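Data block below; observations after.
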Amino acid sequence: MRHLHTRTARRRVVGAFTAGLLCTIGLAAPALAAPAEDTVSPTLAEGLALTPPMGFNNWNSTHCRAEFNEDMVKGIADIFVDKGLKDAGYEYVNLDDCWALPSRDANGKLVPDPERFPNGIKAVADYIHSKGLKLGIYTSAGTKTCNDAGFPGALGHEYSDAQQFADWGVDYLKYDNCNNQGVDAKLRYNTMRDALTAASQSTGRPIVYSICEWGENKPWEWASDVGQLWRTTGDISDSWGSMLSILKQNLPLAQYAGPGHWNDPDMLEVGNGGMTDTEYRSHFSMWSIMAAPLLIGSDLRTASDATFDILGNKEVIAVDQDPLGKQGVVLSSEGGRWVVAKEMKDGSRTVALFNETGSAQRIATTAGAVGLPQADAYTLRDLWQHKSYNTAGTISATVPAHGTVLVRVSTDARWAKNPPAVELGLEGSLLAEPDKSVALTSTVTDLGRTAAKQVSVKLSGPEGWKVKAASPTTASVLPTGRSLRTSWKVTAPAGTVAGSYDLTLKATYRSPTGVRAESVLPLTASVVVAPPSGVSSLGDLPWLSTTNGWGPVERDTSNGENEAEDGNPITINGVVYAKGLGVHAESTVEYYTGKACETVTAQVGVDDEEGADGSVAFEIWADGTKVASTGVLTNAQAAQAISADVSGAEVVRLVVTDGGDGITSDHGDWADAQLTC
């Protein structure tokens, strides 16, 4: 089963079992359409999508609402041109579900909704083409599409529908997997490939073919001669947990990607509001280093400048669109500190230092480890700062929580014209109780082959905070590999409300030739409240942070997958619990325990929520150490007790992971979860 939280959460399960039901009641599944007898058996069109497709799809921002219409689609095309997105490489303006009427006409043809598209699809295609762009459209490899209204699917109508698309001037087809009547996936998707190729031959219009069967039948193993891209996962949602889960599923598939055949981890959520700009930069960085299709999923009519800055970063886009067509490979991922490297056609390497954790982390590798030849020094280009440095070979950074440092590293005879790269670091806890000082130590380390001169460092905090250096903040020179270490005392004022606050660590310096340079590390401090003495329900306590696969973490109800408070009473194997936490894998909930607590206890299991037919595993972590786990649990099992000694821990983290069965309805409950301090 795949998630359809924005369409029909359970429809795909129905489709998976329909074939058996039809046989039981003596009905037959629809026959696949066949070409005319004199039609030559077509093959996959060559030369399409030699780099990952870039464009826009309306679904993540508009779903099936009335605002999805001809004016909106034309407006997106206008924005592509006016905002420079076309020049940046975005090409396709794609219609998702709900563009058609619920029924075909008397001749079996698809009919565009006259209220949404009063001039028809061809008129929209003509307008899009007049802008130098291309039009995409949507249907499903089933009897109906995925929306509740059940618009016509293409199963049994492949050749007719493909011909209509080509006649209208469609350039791209997204082919979904709902209501498939149990017909073999390879047969269904091959039939539409043949239909599209035949239609393209008759009209002279090639159509990019996007296979959207959610990775259920491992299309990366068989679809390279079927379509130009294939979904590797279920649907994405606009949350850190969902993005992270999909990223982890797509990263291992690097060997299957290349020109004309791409792994597709679903559309971009950048700008839809469910993540921070830091998280959206990570999202965009990691999709680009994976050579993923870049299909904008936000409403560009209301997008912020920050959203356009992310989507329009041409240096990051160039990583995605590199003609060598390599997907980045994982070099390391220990402790949520990821190093992913991508070979580029010019011989350089793009390297992502990606931090999935909730606190700043040092992440490091070397030029040799990412595949570059030995050299005296290298040019290192920061693709978000748009600045170049030299490095003696170390590629490292302290990466903010949920952040990504994306660099392009090359052997370059002109490396010395760039200032040396420096790495900023901060040691110590960024958890502060009001009016209590915390001790921190900053480091400024020269990674370059050349020395950093006239080095100065400054740590700043919010207005009213006391930030005081307790040791020198300057150094006249830092040779390669040497560091300036500075001690600091940081105090949040009495009465500061619990929450997150920004700190900034900044170093300025000069290269040996006098070029001024700076390095900035944004940090987040958390003002916390000491946990109460005695036994407390975790559902009643403030948490430091949460991530969740779908929807928010819920207090005292199950996770309902979409909005806050849309769950039901926590229920595990028929037993109802009044208190606890409802989550959806992958999930993390962090609590400040201030080294004052002793135990965490809970009854855990898969919630009885309809459709929660997956499997999960529960873990309790204390300051980075796993102290308890359950193993994999399913919805067939009763709640299992879990208990952990967390004595001396400053932070306790509750983690729920996917059980690894490929089912994405993984609702986990921390029932009767209690903390004793």
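Ordering of the structure tokens sets the chain letters (A, B, ...), residue numbers begin anew at 1 in every chain, and ligands are numbered from 1 in the order given.
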
Name all residues at most 9 Å from A:Ala469 (count only C-alpha atoms; drop same-chain ones fewer than 5 positions away) and give them as a PDB file with C-alpha atoms, in the first residue's frame.
```pdb
ATOM      1  CA  LYS A 458      32.739  36.397  17.166  1.00  0.00           C
ATOM      2  CA  LEU A 459      29.796  34.596  18.775  1.00  0.00           C
ATOM      3  CA  THR A 486      37.997  30.399  22.155  1.00  0.00           C
ATOM      4  CA  SER A 487      36.029  29.798  25.358  1.00  0.00           C
ATOM      5  CA  TRP A 488      32.644  31.477  25.813  1.00  0.00           C
ATOM      6  CA  LYS A 489      30.017  31.899  28.508  1.00  0.00           C
ATOM      7  CA  VAL A 490      26.450  32.219  27.218  1.00  0.00           C
TER       8      VAL A 490
END
```

Excluding A:Trp415 and any residue of its chain fewer than 4 positions from it, enumerate the residues within 10 Å of it, using only C-alpha atoms, and give them as a tab-separated table (two decimals) with N, CA and C atoms, in the first residue's frame.
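Saved file part_6.tsv follows:
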```tsv
chain	number	residue	atom	x	y	z
A	376	ASP	N	48.48	18.83	-4.66
A	376	ASP	CA	48.94	19.69	-3.57
A	376	ASP	C	47.78	20.38	-2.88
A	377	ALA	N	46.80	20.77	-3.66
A	377	ALA	CA	45.62	21.46	-3.12
A	377	ALA	C	44.49	21.37	-4.14
A	378	TYR	N	43.31	21.76	-3.70
A	378	TYR	CA	42.11	21.65	-4.52
A	378	TYR	C	41.29	22.93	-4.38
A	379	THR	N	40.51	23.22	-5.41
A	379	THR	CA	39.54	24.30	-5.31
A	379	THR	C	38.22	23.73	-4.80
A	380	LEU	N	37.68	24.38	-3.78
A	380	LEU	CA	36.43	23.96	-3.15
A	380	LEU	C	35.42	25.09	-3.34
A	388	SER	N	34.46	30.49	-3.53
A	388	SER	CA	35.48	29.47	-3.76
A	388	SER	C	36.62	29.62	-2.76
A	389	TYR	N	37.19	28.48	-2.37
A	389	TYR	CA	38.28	28.44	-1.41
A	389	TYR	C	39.31	27.41	-1.89
A	390	ASN	N	40.46	27.37	-1.21
A	390	ASN	CA	41.38	26.26	-1.45
A	390	ASN	C	41.43	25.35	-0.23
A	391	THR	N	41.64	24.08	-0.47
A	391	THR	CA	41.76	23.11	0.61
A	391	THR	C	42.95	22.21	0.34
A	392	ALA	N	43.64	21.82	1.42
A	392	ALA	CA	44.76	20.90	1.29
A	392	ALA	C	44.28	19.47	1.05
A	410	SER	N	37.52	20.28	-7.01
A	410	SER	CA	38.21	19.95	-8.26
A	410	SER	C	39.71	20.14	-8.11
A	411	THR	N	40.47	19.39	-8.92
A	411	THR	CA	41.89	19.65	-9.07
A	411	THR	C	42.02	20.83	-10.03
A	419	PRO	N	41.08	32.14	-1.24
A	419	PRO	CA	41.48	32.10	0.17
A	419	PRO	C	41.34	30.70	0.72
A	420	PRO	N	42.04	30.39	1.81
A	420	PRO	CA	41.93	29.05	2.39
A	420	PRO	C	40.53	28.82	2.98
A	448	GLY	N	42.96	25.02	4.48
A	448	GLY	CA	43.60	25.33	3.21
A	448	GLY	C	45.06	24.94	3.15
A	449	ARG	N	45.62	24.99	1.94
A	449	ARG	CA	47.05	24.80	1.77
A	449	ARG	C	47.80	26.07	2.16
A	450	THR	N	47.13	27.21	2.07
A	450	THR	CA	47.73	28.47	2.46
A	450	THR	C	47.25	28.87	3.86
```

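Among A:Lys134, A:Arg337, A:Ala88, A:Glu463, the residue with the shortest atom-to-atom distance to A:Lys74, counting only C-alpha atoms, is A:Lys134.
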
Item checked: Close residues, A:Gly403 itself excluded, 6 Å, only C-alpha atoms, min 5 positions apart in chain, as an MDAnalysis selection string -> chainID A and resid 278 282 355

How would the residues just picked look written out with N, CA, C and O atoms as a PDB file, in the first residue's frame?
```
ATOM      1  N   THR A 278      16.196  25.952   5.960  1.00  0.00           N
ATOM      2  CA  THR A 278      17.357  25.063   6.071  1.00  0.00           C
ATOM      3  C   THR A 278      17.009  23.670   5.583  1.00  0.00           C
ATOM      4  O   THR A 278      17.773  23.039   4.834  1.00  0.00           O
ATOM      5  N   SER A 282      18.286  21.499   2.218  1.00  0.00           N
ATOM      6  CA  SER A 282      18.735  20.101   2.254  1.00  0.00           C
ATOM      7  C   SER A 282      17.960  19.255   1.258  1.00  0.00           C
ATOM      8  O   SER A 282      18.536  18.440   0.531  1.00  0.00           O
ATOM      9  N   ASN A 355      23.307  16.546   7.414  1.00  0.00           N
ATOM     10  CA  ASN A 355      23.090  16.272   8.834  1.00  0.00           C
ATOM     11  C   ASN A 355      21.615  15.997   9.090  1.00  0.00           C
ATOM     12  O   ASN A 355      20.805  16.918   9.094  1.00  0.00           O
TER      13      ASN A 355
END
```

So that I can see what lies close to A:Pro252, please list as a PDB file with C-alpha atoms, in the first residue's frame the residues with an atom at most 10 Å from it, counting only C-alpha atoms and leaving out residues fewer than 2 positions away in the same chain.
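That gives us result05.pdb:
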```
ATOM      1  CA  LEU A 247      15.751  10.088   0.707  1.00  0.00           C
ATOM      2  CA  LYS A 248      16.959   6.974   2.517  1.00  0.00           C
ATOM      3  CA  GLN A 249      14.970   4.719   0.187  1.00  0.00           C
ATOM      4  CA  ASN A 250      16.297   6.379  -2.969  1.00  0.00           C
ATOM      5  CA  ALA A 254      22.446   4.956  -7.572  1.00  0.00           C
ATOM      6  CA  GLN A 255      23.548   2.186  -9.921  1.00  0.00           C
ATOM      7  CA  TYR A 256      20.232   2.257 -11.785  1.00  0.00           C
ATOM      8  CA  MET A 290      20.788  12.126  -6.478  1.00  0.00           C
ATOM      9  CA  GLN A 327      23.574   9.627  -9.098  1.00  0.00           C
ATOM     10  CA  GLY A 328      25.534  10.446  -5.950  1.00  0.00           C
ATOM     11  CA  VAL A 329      26.722   7.524  -3.840  1.00  0.00           C
ATOM     12  CA  VAL A 330      26.807   7.262  -0.052  1.00  0.00           C
TER      13      VAL A 330
END
```

Item checked: Test item: residues at most 9 Å from A:Tyr592, only C-alpha atoms, excluding those fewer than 5 positions along its chain, as a count of residues only -> 13

Next item on the list: Tell me, in Å to one decimal, how far atom CA of A:Asn180 is from atom CA of A:Asp113.
Entry: 23.3 Å

Notebook entry, point to check: Within 12 Å of stretch 237-239 of chain A, counting only C-alpha atoms, which residues qualify if same-chain residues fewer than 5 places away don't, as a ChimeraX atom specification?
Noted result: /A:3-7,59-61,244-246,265-276,279-280,283,297-298,402,546-553,561-563,584,586-587

Next item on the list: Among the residues of stretch 41-220 of chain A, find those DSSP assigns to helix (DSSP H, G or I) from the backbone and print them as a count of residues only.
Entry: 64

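Taking only stretch 210-341 of chain A, the residues that DSSP calls strand (DSSP E) from the backbone come to Ser210, Ile211, Leu229, Trp230, Arg231, Trp262, Asn263, Asp264, Leu294, Leu295, Ile296, Val329, Val330, Leu331, Ser332, Arg337, Trp338, Val339, Val340 and Ala341 of chain A.
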
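With only C-alpha atoms as the basis for measurement, A:Ala77 is the residue among A:Trp99, A:Gly156, A:Ala77, A:Cys146 that approaches A:Gly132 most closely.
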
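Ranking A:Gln385, A:Leu32, A:Thr197, A:Val583 by their shortest atom-to-atom distance to A:Leu155, with only C-alpha atoms included, puts A:Leu32 first.
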